[in-house]
>>> print(open('start.txt').read())   # compact mmCIF, C-alpha atoms
# COMPACT_ATOMS: atom_id res chain seq x y z
CA MET A 1 -36.82 -60.83 3.71
CA ASN A 2 -37.77 -60.87 0.02
CA ALA A 3 -34.12 -61.00 -1.00
CA ARG A 4 -33.50 -63.93 1.33
CA ARG A 5 -36.56 -65.74 -0.02
CA THR A 6 -35.38 -65.12 -3.60
CA VAL A 7 -31.91 -66.48 -2.85
CA ARG A 8 -33.43 -69.54 -1.18
CA GLY A 9 -35.67 -70.14 -4.20
CA LEU A 10 -32.77 -69.80 -6.62
CA SER A 11 -30.65 -72.16 -4.52
CA LEU A 12 -33.45 -74.73 -4.51
CA HIS A 13 -33.85 -74.46 -8.29
CA ALA A 14 -30.10 -74.83 -8.74
CA VAL A 15 -30.08 -78.01 -6.66
CA VAL A 16 -33.03 -79.44 -8.62
CA TRP A 17 -31.35 -78.67 -11.96
CA LEU A 18 -28.10 -80.19 -10.70
CA ILE A 19 -29.85 -83.41 -9.69
CA ALA A 20 -31.73 -83.50 -13.00
CA ALA A 21 -28.48 -83.05 -14.93
CA PHE A 22 -26.84 -85.78 -12.85
CA VAL A 23 -29.59 -88.18 -13.96
CA ALA A 24 -30.23 -86.96 -17.51
CA VAL A 25 -26.68 -86.52 -18.79
CA PRO A 26 -25.61 -90.19 -18.40
CA LEU A 27 -28.90 -91.30 -19.94
CA LEU A 28 -28.47 -88.95 -22.90
CA TYR A 29 -24.87 -90.10 -23.29
CA ALA A 30 -25.99 -93.75 -23.41
CA VAL A 31 -28.70 -93.00 -26.00
CA ILE A 32 -26.30 -91.14 -28.31
CA SER A 33 -23.52 -93.69 -27.83
CA GLY A 34 -25.91 -96.44 -28.93
CA PHE A 35 -25.96 -94.85 -32.39
CA LYS A 36 -22.18 -95.13 -32.77
CA SER A 37 -19.88 -97.95 -33.72
CA THR A 38 -17.51 -99.23 -31.07
CA ALA A 39 -14.52 -97.76 -32.92
CA GLU A 40 -16.14 -94.33 -33.09
CA LEU A 41 -17.19 -94.57 -29.44
CA THR A 42 -13.56 -95.23 -28.52
CA ASN A 43 -12.15 -92.42 -30.66
CA ASN A 44 -14.94 -89.90 -30.06
CA PRO A 45 -16.64 -90.80 -26.76
CA PHE A 46 -18.39 -87.47 -26.14
CA GLY A 47 -19.20 -86.08 -29.58
CA LEU A 48 -22.17 -86.72 -31.82
CA PRO A 49 -21.95 -89.69 -34.21
CA GLN A 50 -20.45 -88.89 -37.60
CA GLN A 51 -22.79 -91.51 -39.03
CA TRP A 52 -25.85 -92.50 -37.01
CA LYS A 53 -25.85 -96.28 -36.77
CA ILE A 54 -29.50 -97.13 -36.15
CA GLY A 55 -28.76 -100.80 -36.83
CA ASN A 56 -27.75 -101.24 -33.16
CA TYR A 57 -31.26 -100.46 -31.98
CA ILE A 58 -33.08 -102.12 -34.89
CA GLY A 59 -31.14 -105.35 -34.42
CA ILE A 60 -32.08 -105.54 -30.74
CA LEU A 61 -35.73 -104.71 -31.42
CA GLY A 62 -35.80 -107.52 -33.97
CA ASP A 63 -34.45 -110.03 -31.45
CA GLY A 64 -37.21 -112.30 -30.12
CA MET A 65 -35.27 -113.03 -26.94
CA PHE A 66 -35.34 -109.34 -26.01
CA TRP A 67 -39.13 -109.23 -26.24
CA ARG A 68 -39.41 -112.51 -24.34
CA GLN A 69 -37.38 -111.00 -21.51
CA ILE A 70 -39.62 -107.92 -21.51
CA ALA A 71 -42.71 -110.15 -21.36
CA ASN A 72 -41.20 -112.25 -18.57
CA SER A 73 -40.39 -109.17 -16.49
CA ALA A 74 -43.85 -107.71 -17.06
CA GLY A 75 -45.66 -110.95 -16.18
CA ILE A 76 -43.61 -111.49 -13.03
CA ALA A 77 -44.07 -107.84 -11.99
CA ILE A 78 -47.86 -108.07 -12.42
CA GLY A 79 -48.07 -111.38 -10.54
CA THR A 80 -45.89 -110.05 -7.73
CA THR A 81 -47.93 -106.86 -7.45
CA VAL A 82 -51.26 -108.70 -7.29
CA CYS A 83 -50.03 -111.12 -4.62
CA THR A 84 -48.36 -108.39 -2.58
CA VAL A 85 -51.22 -105.90 -2.64
CA VAL A 86 -54.02 -108.43 -2.02
CA ALA A 87 -52.27 -110.15 0.88
CA SER A 88 -51.02 -106.89 2.38
CA ALA A 89 -54.42 -105.20 2.11
CA MET A 90 -56.14 -108.00 4.03
CA ALA A 91 -53.42 -108.12 6.68
CA ALA A 92 -53.34 -104.33 7.03
CA PHE A 93 -57.15 -104.25 7.36
CA VAL A 94 -57.07 -106.64 10.30
CA LEU A 95 -54.10 -104.89 11.95
CA ALA A 96 -55.68 -101.46 11.51
CA ARG A 97 -59.38 -102.03 12.25
CA TYR A 98 -59.48 -104.81 14.86
CA ALA A 99 -58.20 -104.82 18.42
CA PHE A 100 -57.00 -108.22 19.60
CA ARG A 101 -54.29 -109.59 21.83
CA GLY A 102 -50.94 -109.70 20.06
CA ARG A 103 -51.90 -107.25 17.31
CA GLU A 104 -48.93 -104.95 17.91
CA LEU A 105 -46.63 -107.96 18.17
CA PHE A 106 -47.71 -109.16 14.73
CA TYR A 107 -47.27 -105.67 13.34
CA THR A 108 -43.81 -105.42 14.90
CA LEU A 109 -42.83 -108.71 13.26
CA PHE A 110 -43.84 -107.31 9.88
CA THR A 111 -41.88 -104.11 10.46
CA ILE A 112 -38.82 -106.15 11.46
CA GLY A 113 -39.02 -107.61 7.96
CA LEU A 114 -37.97 -104.20 6.64
CA MET A 115 -34.55 -104.76 8.22
CA PHE A 116 -34.17 -108.33 6.89
CA PRO A 117 -31.76 -108.34 3.92
CA PHE A 118 -32.52 -110.64 1.01
CA ALA A 119 -28.93 -111.89 0.86
CA VAL A 120 -29.32 -113.58 4.26
CA ALA A 121 -32.16 -115.75 2.94
CA VAL A 122 -30.52 -116.83 -0.32
CA LEU A 123 -29.42 -120.33 0.71
CA PRO A 124 -32.55 -121.43 2.63
CA LEU A 125 -34.75 -119.83 -0.02
CA PHE A 126 -32.98 -121.71 -2.80
CA LEU A 127 -33.31 -125.00 -0.91
CA MET A 128 -36.99 -124.35 -0.25
CA LEU A 129 -37.70 -123.52 -3.89
CA ARG A 130 -35.88 -126.64 -5.02
CA THR A 131 -37.85 -128.77 -2.55
CA PHE A 132 -41.17 -127.44 -3.86
CA GLY A 133 -40.09 -127.72 -7.49
CA LEU A 134 -40.25 -123.97 -8.13
CA LEU A 135 -36.90 -123.56 -9.85
CA ASP A 136 -37.31 -122.44 -13.48
CA ASN A 137 -40.86 -121.52 -12.53
CA PRO A 138 -42.20 -117.94 -12.44
CA LEU A 139 -43.83 -118.67 -9.07
CA GLY A 140 -40.33 -119.21 -7.69
CA VAL A 141 -39.73 -115.50 -8.21
CA ILE A 142 -43.24 -114.12 -7.70
CA LEU A 143 -43.88 -115.66 -4.28
CA PRO A 144 -40.57 -114.66 -2.64
CA GLN A 145 -40.79 -111.16 -4.09
CA ALA A 146 -44.31 -110.83 -2.71
CA ALA A 147 -43.15 -112.08 0.68
CA PHE A 148 -40.31 -109.56 0.83
CA GLY A 149 -42.68 -106.82 -0.33
CA LEU A 150 -45.23 -107.45 2.44
CA PRO A 151 -43.59 -105.45 5.26
CA LEU A 152 -43.39 -102.09 3.49
CA THR A 153 -46.80 -102.52 1.85
CA ILE A 154 -48.48 -103.42 5.16
CA VAL A 155 -46.89 -100.43 6.91
CA ILE A 156 -48.19 -98.04 4.23
CA LEU A 157 -51.69 -99.54 3.99
CA ARG A 158 -52.17 -99.90 7.74
CA GLY A 159 -51.39 -96.24 8.25
CA PHE A 160 -53.90 -95.31 5.53
CA PHE A 161 -56.64 -97.68 6.76
CA ARG A 162 -56.41 -96.27 10.27
CA THR A 163 -57.31 -92.82 8.95
CA ILE A 164 -60.69 -94.05 7.65
CA PRO A 165 -63.30 -92.85 10.19
CA ALA A 166 -64.87 -95.61 12.28
CA GLU A 167 -68.27 -93.96 11.74
CA ILE A 168 -68.22 -95.10 8.11
CA GLU A 169 -67.81 -98.72 9.13
CA GLU A 170 -70.48 -98.38 11.83
CA ALA A 171 -72.95 -96.89 9.36
CA ALA A 172 -72.22 -99.67 6.87
CA THR A 173 -72.73 -102.32 9.57
CA MET A 174 -76.06 -100.79 10.57
CA ASP A 175 -77.14 -101.05 6.92
CA GLY A 176 -76.42 -104.76 7.00
CA CYS A 177 -72.95 -104.66 5.42
CA SER A 178 -70.68 -107.50 6.50
CA LYS A 179 -67.03 -106.98 7.40
CA PHE A 180 -65.93 -108.70 4.22
CA ARG A 181 -68.21 -106.58 2.06
CA PHE A 182 -67.11 -103.40 3.84
CA PHE A 183 -63.51 -104.28 3.11
CA TRP A 184 -63.96 -105.02 -0.61
CA GLN A 185 -66.68 -102.57 -1.59
CA ILE A 186 -66.09 -99.57 0.68
CA LEU A 187 -62.62 -99.55 2.22
CA LEU A 188 -60.58 -100.56 -0.83
CA PRO A 189 -62.18 -97.97 -3.16
CA MET A 190 -61.51 -95.29 -0.53
CA ALA A 191 -57.90 -96.46 -0.29
CA ARG A 192 -57.33 -96.30 -4.05
CA PRO A 193 -54.50 -93.69 -3.78
CA ALA A 194 -52.60 -95.82 -1.26
CA LEU A 195 -53.20 -98.98 -3.29
CA GLY A 196 -51.91 -97.22 -6.38
CA THR A 197 -48.78 -96.13 -4.54
CA VAL A 198 -47.89 -99.58 -3.20
CA SER A 199 -48.66 -101.13 -6.60
CA VAL A 200 -46.19 -98.81 -8.31
CA LEU A 201 -43.55 -99.59 -5.68
CA ALA A 202 -44.13 -103.34 -6.11
CA VAL A 203 -43.88 -103.16 -9.91
CA VAL A 204 -40.66 -101.14 -9.81
CA ALA A 205 -39.06 -103.42 -7.20
CA SER A 206 -39.95 -106.52 -9.22
CA TRP A 207 -38.80 -105.06 -12.53
CA ASN A 208 -35.41 -104.08 -11.10
CA ASN A 209 -34.82 -107.36 -9.26
CA PHE A 210 -31.74 -109.06 -10.65
CA PHE A 211 -30.46 -111.50 -8.04
CA LEU A 212 -33.61 -113.59 -7.47
CA PRO A 213 -34.35 -114.30 -11.18
CA LEU A 214 -30.67 -115.10 -11.65
CA LEU A 215 -30.91 -117.56 -8.75
CA VAL A 216 -34.16 -119.23 -9.84
CA PHE A 217 -33.98 -119.31 -13.64
CA SER A 218 -31.40 -121.42 -15.44
CA ASP A 219 -33.54 -121.83 -18.57
CA PRO A 220 -32.98 -118.81 -20.89
CA LYS A 221 -36.67 -118.74 -21.84
CA TRP A 222 -37.52 -117.46 -18.34
CA GLN A 223 -34.85 -114.77 -18.13
CA THR A 224 -36.01 -111.31 -17.10
CA ILE A 225 -34.68 -108.10 -18.58
CA PRO A 226 -32.09 -107.34 -15.83
CA VAL A 227 -30.61 -110.82 -16.26
CA GLY A 228 -30.83 -110.36 -20.04
CA VAL A 229 -28.76 -107.18 -19.81
CA GLN A 230 -26.08 -109.03 -17.86
CA GLN A 231 -26.08 -111.95 -20.32
CA PHE A 232 -25.99 -109.62 -23.33
CA GLN A 233 -23.12 -107.65 -21.84
CA GLY A 234 -21.17 -110.87 -21.35
CA GLN A 235 -21.89 -112.03 -24.90
CA TYR A 236 -20.97 -108.71 -26.56
CA SER A 237 -18.45 -107.43 -24.04
CA THR A 238 -16.24 -105.89 -26.74
CA ASP A 239 -19.06 -104.12 -28.60
CA PHE A 240 -19.64 -101.26 -26.16
CA ALA A 241 -21.99 -99.31 -28.43
CA LEU A 242 -24.28 -102.32 -28.91
CA VAL A 243 -24.32 -102.98 -25.17
CA LEU A 244 -25.29 -99.36 -24.48
CA ALA A 245 -28.09 -99.61 -27.05
CA TYR A 246 -29.38 -102.73 -25.31
CA ILE A 247 -29.27 -101.03 -21.91
CA VAL A 248 -31.16 -98.01 -23.25
CA LEU A 249 -33.92 -100.16 -24.77
CA ALA A 250 -34.13 -102.20 -21.56
CA MET A 251 -34.75 -98.98 -19.61
CA VAL A 252 -37.52 -97.70 -21.89
CA PRO A 253 -40.39 -99.82 -20.43
CA ALA A 254 -39.48 -98.84 -16.87
CA LEU A 255 -39.20 -95.15 -17.77
CA ALA A 256 -42.49 -95.27 -19.67
CA PHE A 257 -44.24 -96.95 -16.76
CA TYR A 258 -42.87 -94.42 -14.30
CA ALA A 259 -43.93 -91.54 -16.55
CA VAL A 260 -47.49 -92.90 -16.55
CA ALA A 261 -47.57 -93.85 -12.86
CA GLU A 262 -45.72 -90.82 -11.47
CA ARG A 263 -48.91 -88.86 -10.79
CA GLN A 264 -50.47 -91.85 -9.04
CA LEU A 265 -47.36 -92.39 -6.92
CA ILE A 266 -47.05 -88.76 -5.85
CA GLY A 267 -50.80 -88.43 -5.35
CA GLY A 268 -50.87 -91.48 -3.08
CA LEU A 269 -47.96 -90.27 -0.99
CA THR A 270 -49.48 -86.80 -0.74
CA ALA A 271 -52.87 -88.20 0.27
CA GLY A 272 -51.24 -90.33 2.94
CA ALA A 273 -49.28 -87.38 4.27
CA THR A 274 -52.41 -85.20 4.33
CA LYS A 275 -54.46 -87.81 6.15
CA GLY A 276 -51.64 -88.47 8.59
>>> encode(input="start.txt", output="structure tokens")
Amino acid sequence: MNARRTVRGLSLHAVVWLIAAFVAVPLLYAVISGFKSTAELTNNPFGLPQQWKIGNYIGILGDGMFWRQIANSAGIAIGTTVCTVVASAMAAFVLARYAFRGRELFYTLFTIGLMFPFAVAVLPLFLMLRTFGLLDNPLGVILPQAAFGLPLTIVILRGFFRTIPAEIEEAATMDGCSKFRFFWQILLPMARPALGTVSVLAVVASWNNFFLPLLVFSDPKWQTIPVGVQQFQGQYSTDFALVLAYIVLAMVPALAFYAVAERQLIGGLTAGATKG
């Protein structure tokens, strides 16, 4: 039994290390390649640079457009997260704590949204944004992203809200607490792990979104970092080392955010699983 358990543990560790290597090796390759010249990258693709060319990274960091794209992505991600979480929390509260005719139908409609691909809505969405004058406007990205983020966020928050004992709400009501006050001052603080989880998911989804900003923004001043990577790659398509340096620097904010939010994300998922 002990031998079998040891073999199973070693196998699990081997799989984890294999997955980690699968993720880390390409990232490390891109970082090192960004310190090379294109000629050296072509002649020596896998070795260390003979002369570390830090100018690739310094030049990008000194580019104002790069920082503008970072700021655009961050602002849109924050706006999307606020809209998604606030709207989803209120909808999930009603769907979880109140019994009314058609409640499950409304919830089913939200869950159907999980199966609705964004590509299907591209043409009507573009026409709608143009009609409301939201092209080349951050709201033209924030509002659709929030709408597409509602289904998953509502599913997660509704499941968490339903685990809150009804006795807490009854006691608060007996003390003169209104439904609105119970929601904002009692329920939301108790649901902080779930709110943190859905916030992280919303930020990551917004940061990685490429197609919608490409569709909405034609003015370069509103470009987000994924669109900036595509534009930079097209502009410097023959300078592979410089392109890799740009990609690495574009990944740094997302990796830093995930490193900070990882504990919150795992803690929220674990809390939800425990309560479920």
>>> residues_around(input="start.txt", residues="region 235-239 of chain A", least_positions_apart="4", cutoff="7 Å", atoms="only C-alpha atoms", output="list in words")
Thr38, Gln231 and Val243 of chain A
>>> residues_around(input="start.txt", residues="Pro138 (chain A)", least_positions_apart="4", cutoff="10 Å", atoms="all atoms listed in the file", output="list of chain:residue names")
A:Asn72, A:Ser73, A:Gly75, A:Ile76, A:Gly79, A:Thr80, A:Leu134, A:Ile142, A:Leu143, A:Pro213, A:Val216, A:Phe217, A:Trp222, A:Gln223
>>> closest_residue(input="start.txt", among="A:Val198, A:Val204, A:Val252, A:Cys83", to="Leu139 (chain A)", atoms="all atoms listed in the file")
A:Cys83
>>> closest_residue(input="start.txt", among="A:Phe116, A:Gly64, A:Pro26, A:Leu212", to="Phe46 (chain A)", atoms="only C-alpha atoms")
A:Pro26
>>> closest_residue(input="start.txt", among="A:Gln185, A:Thr111, A:Ser206, A:Thr153", to="Ser88 (chain A)", atoms="all atoms listed in the file")
A:Thr153
>>> closest_residue(input="start.txt", among="A:Ile154, A:Val200, A:Met65, A:Ala71", to="Ala259 (chain A)", atoms="only C-alpha atoms")
A:Val200
>>> atom_distance(input="start.txt", atom1="CA of Glu169 (chain A)", atom2="CA of Phe100 (chain A)")
17.8 Å
>>> atom_distance(input="start.txt", atom1="CA of Leu135 (chain A)", atom2="CA of Ser218 (chain A)")
8.1 Å
>>> residues_around(input="start.txt", residues="region 118-122 of chain A", least_positions_apart="5", cutoff="12 Å", atoms="all atoms listed in the file", output="list in words")
Gly113, Leu127, Met128, Leu129, Pro144, Gln145, Ala147, Phe148, Gly149, Asn209, Phe210, Phe211, Leu212, Pro213, Leu214, Leu215 and Val216 of chain A
>>> decode(input="start.txt", residues="region 105-129 of chain A", atoms="N, CA, C and O atoms", output="PDB file, in the first residue's frame")
ATOM      1  N   LEU A 105     -36.404  30.426 -14.697  1.00  0.00           N
ATOM      2  CA  LEU A 105     -36.339  30.748 -16.124  1.00  0.00           C
ATOM      3  C   LEU A 105     -35.301  31.835 -16.372  1.00  0.00           C
ATOM      4  O   LEU A 105     -34.481  31.730 -17.305  1.00  0.00           O
ATOM      5  N   PHE A 106     -35.316  32.873 -15.538  1.00  0.00           N
ATOM      6  CA  PHE A 106     -34.318  33.939 -15.677  1.00  0.00           C
ATOM      7  C   PHE A 106     -32.906  33.380 -15.474  1.00  0.00           C
ATOM      8  O   PHE A 106     -31.978  33.737 -16.211  1.00  0.00           O
ATOM      9  N   TYR A 107     -32.772  32.532 -14.489  1.00  0.00           N
ATOM     10  CA  TYR A 107     -31.446  31.954 -14.221  1.00  0.00           C
ATOM     11  C   TYR A 107     -30.996  31.083 -15.393  1.00  0.00           C
ATOM     12  O   TYR A 107     -29.823  31.110 -15.780  1.00  0.00           O
ATOM     13  N   THR A 108     -31.929  30.344 -15.974  1.00  0.00           N
ATOM     14  CA  THR A 108     -31.590  29.510 -17.130  1.00  0.00           C
ATOM     15  C   THR A 108     -31.141  30.364 -18.314  1.00  0.00           C
ATOM     16  O   THR A 108     -30.206  30.002 -19.041  1.00  0.00           O
ATOM     17  N   LEU A 109     -31.800  31.508 -18.497  1.00  0.00           N
ATOM     18  CA  LEU A 109     -31.400  32.399 -19.588  1.00  0.00           C
ATOM     19  C   LEU A 109     -29.971  32.897 -19.390  1.00  0.00           C
ATOM     20  O   LEU A 109     -29.201  33.007 -20.355  1.00  0.00           O
ATOM     21  N   PHE A 110     -29.612  33.197 -18.146  1.00  0.00           N
ATOM     22  CA  PHE A 110     -28.239  33.620 -17.874  1.00  0.00           C
ATOM     23  C   PHE A 110     -27.256  32.483 -18.147  1.00  0.00           C
ATOM     24  O   PHE A 110     -26.184  32.696 -18.722  1.00  0.00           O
ATOM     25  N   THR A 111     -27.603  31.277 -17.728  1.00  0.00           N
ATOM     26  CA  THR A 111     -26.691  30.155 -17.955  1.00  0.00           C
ATOM     27  C   THR A 111     -26.553  29.832 -19.440  1.00  0.00           C
ATOM     28  O   THR A 111     -25.487  29.390 -19.878  1.00  0.00           O
ATOM     29  N   ILE A 112     -27.605  30.061 -20.209  1.00  0.00           N
ATOM     30  CA  ILE A 112     -27.509  29.855 -21.660  1.00  0.00           C
ATOM     31  C   ILE A 112     -26.464  30.798 -22.254  1.00  0.00           C
ATOM     32  O   ILE A 112     -25.794  30.476 -23.246  1.00  0.00           O
ATOM     33  N   GLY A 113     -26.301  31.955 -21.625  1.00  0.00           N
ATOM     34  CA  GLY A 113     -25.293  32.901 -22.099  1.00  0.00           C
ATOM     35  C   GLY A 113     -23.887  32.345 -22.067  1.00  0.00           C
ATOM     36  O   GLY A 113     -23.011  32.820 -22.796  1.00  0.00           O
ATOM     37  N   LEU A 114     -23.646  31.318 -21.229  1.00  0.00           N
ATOM     38  CA  LEU A 114     -22.333  30.689 -21.207  1.00  0.00           C
ATOM     39  C   LEU A 114     -22.020  29.979 -22.518  1.00  0.00           C
ATOM     40  O   LEU A 114     -20.856  29.782 -22.858  1.00  0.00           O
ATOM     41  N   MET A 115     -23.061  29.575 -23.240  1.00  0.00           N
ATOM     42  CA  MET A 115     -22.869  28.842 -24.500  1.00  0.00           C
ATOM     43  C   MET A 115     -22.942  29.759 -25.715  1.00  0.00           C
ATOM     44  O   MET A 115     -22.869  29.291 -26.841  1.00  0.00           O
ATOM     45  N   PHE A 116     -23.081  31.077 -25.488  1.00  0.00           N
ATOM     46  CA  PHE A 116     -23.252  32.023 -26.590  1.00  0.00           C
ATOM     47  C   PHE A 116     -21.888  32.566 -27.002  1.00  0.00           C
ATOM     48  O   PHE A 116     -21.283  33.338 -26.267  1.00  0.00           O
ATOM     49  N   PRO A 117     -21.368  32.188 -28.155  1.00  0.00           N
ATOM     50  CA  PRO A 117     -20.029  32.651 -28.554  1.00  0.00           C
ATOM     51  C   PRO A 117     -20.041  34.113 -28.972  1.00  0.00           C
ATOM     52  O   PRO A 117     -20.993  34.600 -29.583  1.00  0.00           O
ATOM     53  N   PHE A 118     -18.942  34.798 -28.637  1.00  0.00           N
ATOM     54  CA  PHE A 118     -18.850  36.223 -28.962  1.00  0.00           C
ATOM     55  C   PHE A 118     -18.876  36.464 -30.463  1.00  0.00           C
ATOM     56  O   PHE A 118     -19.429  37.462 -30.931  1.00  0.00           O
ATOM     57  N   ALA A 119     -18.296  35.548 -31.235  1.00  0.00           N
ATOM     58  CA  ALA A 119     -18.198  35.751 -32.685  1.00  0.00           C
ATOM     59  C   ALA A 119     -19.571  35.887 -33.341  1.00  0.00           C
ATOM     60  O   ALA A 119     -19.723  36.594 -34.346  1.00  0.00           O
ATOM     61  N   VAL A 120     -20.581  35.243 -32.759  1.00  0.00           N
ATOM     62  CA  VAL A 120     -21.928  35.309 -33.335  1.00  0.00           C
ATOM     63  C   VAL A 120     -22.494  36.722 -33.224  1.00  0.00           C
ATOM     64  O   VAL A 120     -23.286  37.152 -34.063  1.00  0.00           O
ATOM     65  N   ALA A 121     -22.080  37.454 -32.205  1.00  0.00           N
ATOM     66  CA  ALA A 121     -22.659  38.775 -31.949  1.00  0.00           C
ATOM     67  C   ALA A 121     -21.847  39.911 -32.546  1.00  0.00           C
ATOM     68  O   ALA A 121     -22.166  41.080 -32.299  1.00  0.00           O
ATOM     69  N   VAL A 122     -20.819  39.611 -33.309  1.00  0.00           N
ATOM     70  CA  VAL A 122     -19.914  40.663 -33.781  1.00  0.00           C
ATOM     71  C   VAL A 122     -20.642  41.705 -34.627  1.00  0.00           C
ATOM     72  O   VAL A 122     -20.562  42.915 -34.357  1.00  0.00           O
ATOM     73  N   LEU A 123     -21.364  41.270 -35.645  1.00  0.00           N
ATOM     74  CA  LEU A 123     -22.011  42.223 -36.555  1.00  0.00           C
ATOM     75  C   LEU A 123     -23.092  43.044 -35.855  1.00  0.00           C
ATOM     76  O   LEU A 123     -23.053  44.283 -35.916  1.00  0.00           O
ATOM     77  N   PRO A 124     -24.075  42.426 -35.184  1.00  0.00           N
ATOM     78  CA  PRO A 124     -25.078  43.272 -34.495  1.00  0.00           C
ATOM     79  C   PRO A 124     -24.471  44.137 -33.407  1.00  0.00           C
ATOM     80  O   PRO A 124     -24.932  45.259 -33.183  1.00  0.00           O
ATOM     81  N   LEU A 125     -23.435  43.638 -32.732  1.00  0.00           N
ATOM     82  CA  LEU A 125     -22.798  44.440 -31.692  1.00  0.00           C
ATOM     83  C   LEU A 125     -22.117  45.656 -32.293  1.00  0.00           C
ATOM     84  O   LEU A 125     -22.227  46.770 -31.756  1.00  0.00           O
ATOM     85  N   PHE A 126     -21.434  45.474 -33.405  1.00  0.00           N
ATOM     86  CA  PHE A 126     -20.771  46.602 -34.062  1.00  0.00           C
ATOM     87  C   PHE A 126     -21.802  47.641 -34.508  1.00  0.00           C
ATOM     88  O   PHE A 126     -21.587  48.849 -34.315  1.00  0.00           O
ATOM     89  N   LEU A 127     -22.903  47.194 -35.083  1.00  0.00           N
ATOM     90  CA  LEU A 127     -23.941  48.128 -35.528  1.00  0.00           C
ATOM     91  C   LEU A 127     -24.554  48.866 -34.345  1.00  0.00           C
ATOM     92  O   LEU A 127     -24.841  50.072 -34.422  1.00  0.00           O
ATOM     93  N   MET A 128     -24.761  48.167 -33.250  1.00  0.00           N
ATOM     94  CA  MET A 128     -25.327  48.801 -32.058  1.00  0.00           C
ATOM     95  C   MET A 128     -24.372  49.846 -31.488  1.00  0.00           C
ATOM     96  O   MET A 128     -24.787  50.959 -31.129  1.00  0.00           O
ATOM     97  N   LEU A 129     -23.091  49.506 -31.406  1.00  0.00           N
ATOM     98  CA  LEU A 129     -22.110  50.455 -30.882  1.00  0.00           C
ATOM     99  C   LEU A 129     -21.996  51.677 -31.775  1.00  0.00           C
ATOM    100  O   LEU A 129     -21.844  52.807 -31.285  1.00  0.00           O
TER     101      LEU A 129
END
